[in-house]
Amino acid sequence: MEAEVDKLELMFQKADSDLDYIQYRLEYEIKTNHPVTAGKKNPVTLLKELSAIKSRYQTLHARFKPIAAEQKETKNRICATVNKTMTMIQELQKQTDLELSPLTKEEQTAAEQLKSFMSDV
C-alpha cells in the first residue's frame, strides 16, 4: 500500500507542476499574442481562476497527506497483528505437537498475497 500512497503523492506533485507550467504558458501567450482590449473578457481574470483551481487542488492535497499517513500506520498495525497471530499459532502447534494438513490452493494464494503485501509495507 505504501507504493500506492507514493504513487498518489507523485501524481499530486505532477499535477501541481503541470498547473504551474500551464499558468506560465498562459501568461506568456497572453502577454505576447493577445493584448487586453476593451469589451473582451480579461485574460488576467482567467489566470486568477486558474490560481483558484490550483489553490483548491493544494487544499485537497493537504487533506490527503494525513489520511495517507494514517492509512499506512493502520496497515502497519494490521500486519504486525497478523504476524504476531501467525507466530502464536506456530508456537501453539509446537507445544501441542499438532500438525495441520497442507494448505489448499486458495489458502496458499492468500498466504502468498499476504506475504507480498507485508513485504511492500
# chains A, B, ... in the order shown; residues from 1 in each chain; ligands from 1

call {"tool": "select_by_dssp", "arguments": {"residues": "chain A", "states": "alpha helix (DSSP H)", "output": "PyMOL selection string"}}
result
chain A and resi 2-33+43-96+105-120

call {"tool": "closest_atom_pairs", "arguments": {"of": "stretch 2-98 of chain A", "to": "stretch 103-116 of chain A", "cutoff": "12 Å", "atoms": "only C-alpha atoms", "output": "JSON lines"}}
result
{"residue": "A:Lys75", "atom": "CA", "partner": "A:Leu114", "partner_atom": "CA", "distance": 11.7}
{"residue": "A:Ile78", "atom": "CA", "partner": "A:Leu114", "partner_atom": "CA", "distance": 11.1}
{"residue": "A:Cys79", "atom": "CA", "partner": "A:Leu114", "partner_atom": "CA", "distance": 8.7}
{"residue": "A:Ala80", "atom": "CA", "partner": "A:Leu114", "partner_atom": "CA", "distance": 11.9}
{"residue": "A:Val82", "atom": "CA", "partner": "A:Leu114", "partner_atom": "CA", "distance": 9.3}
{"residue": "A:Asn83", "atom": "CA", "partner": "A:Lys115", "partner_atom": "CA", "distance": 9.8}
{"residue": "A:Met86", "atom": "CA", "partner": "A:Ala111", "partner_atom": "CA", "distance": 10.9}

call {"tool": "closest_residue", "arguments": {"among": "A:Ile22, A:Leu47, A:Ser55, A:Phe64", "to": "A:Asp6", "atoms": "only C-alpha atoms"}}
result
A:Phe64

call {"tool": "atom_distance", "arguments": {"atom1": "atom CA of A:Ser51", "atom2": "atom CA of A:Ala15"}}
result
13.3 Å

call {"tool": "atom_distance", "arguments": {"atom1": "atom CA of A:Thr74", "atom2": "atom CA of A:Gln93"}}
result
28.6 Å

call {"tool": "atom_distance", "arguments": {"atom1": "atom CA of A:Ile89", "atom2": "atom CA of A:Glu73"}}
result
24.4 Å

call {"tool": "residues_around", "arguments": {"residues": "A:Tyr24", "least_positions_apart": "5", "cutoff": "12 Å", "atoms": "only C-alpha atoms", "output": "mmCIF file with N, CA and C atoms, in the first residue's frame"}}
result
data_model
loop_
_atom_site.group_PDB
_atom_site.id
_atom_site.type_symbol
_atom_site.label_atom_id
_atom_site.label_comp_id
_atom_site.auth_asym_id
_atom_site.auth_seq_id
_atom_site.Cartn_x
_atom_site.Cartn_y
_atom_site.Cartn_z
ATOM 1 N N SER A 17 2.888 20.576 -10.672
ATOM 2 C CA SER A 17 3.865 21.068 -11.644
ATOM 3 C C SER A 17 3.200 21.410 -12.974
ATOM 4 N N ASP A 18 2.281 20.567 -13.413
ATOM 5 C CA ASP A 18 1.553 20.826 -14.657
ATOM 6 C C ASP A 18 0.754 22.119 -14.575
ATOM 7 N N LEU A 19 0.111 22.351 -13.442
ATOM 8 C CA LEU A 19 -0.647 23.590 -13.262
ATOM 9 C C LEU A 19 0.272 24.819 -13.310
ATOM 10 N N GLU A 29 1.591 33.596 -23.345
ATOM 11 C CA GLU A 29 0.776 33.741 -24.556
ATOM 12 C C GLU A 29 -0.059 35.015 -24.527
ATOM 13 N N ILE A 30 -0.632 35.293 -23.383
ATOM 14 C CA ILE A 30 -1.477 36.488 -23.259
ATOM 15 C C ILE A 30 -0.630 37.744 -23.446
ATOM 16 N N LYS A 31 0.515 37.781 -22.822
ATOM 17 C CA LYS A 31 1.370 38.966 -22.924
ATOM 18 C C LYS A 31 1.888 39.180 -24.343
ATOM 19 N N LEU A 47 -6.584 33.788 -15.595
ATOM 20 C CA LEU A 47 -5.427 33.316 -14.830
ATOM 21 C C LEU A 47 -5.732 33.253 -13.339
ATOM 22 N N LEU A 50 -7.535 30.167 -12.724
ATOM 23 C CA LEU A 50 -6.596 29.045 -12.701
ATOM 24 C C LEU A 50 -5.889 28.986 -11.347
ATOM 25 N N SER A 51 -5.531 30.139 -10.817
ATOM 26 C CA SER A 51 -4.899 30.180 -9.497
ATOM 27 C C SER A 51 -5.845 29.647 -8.421
#
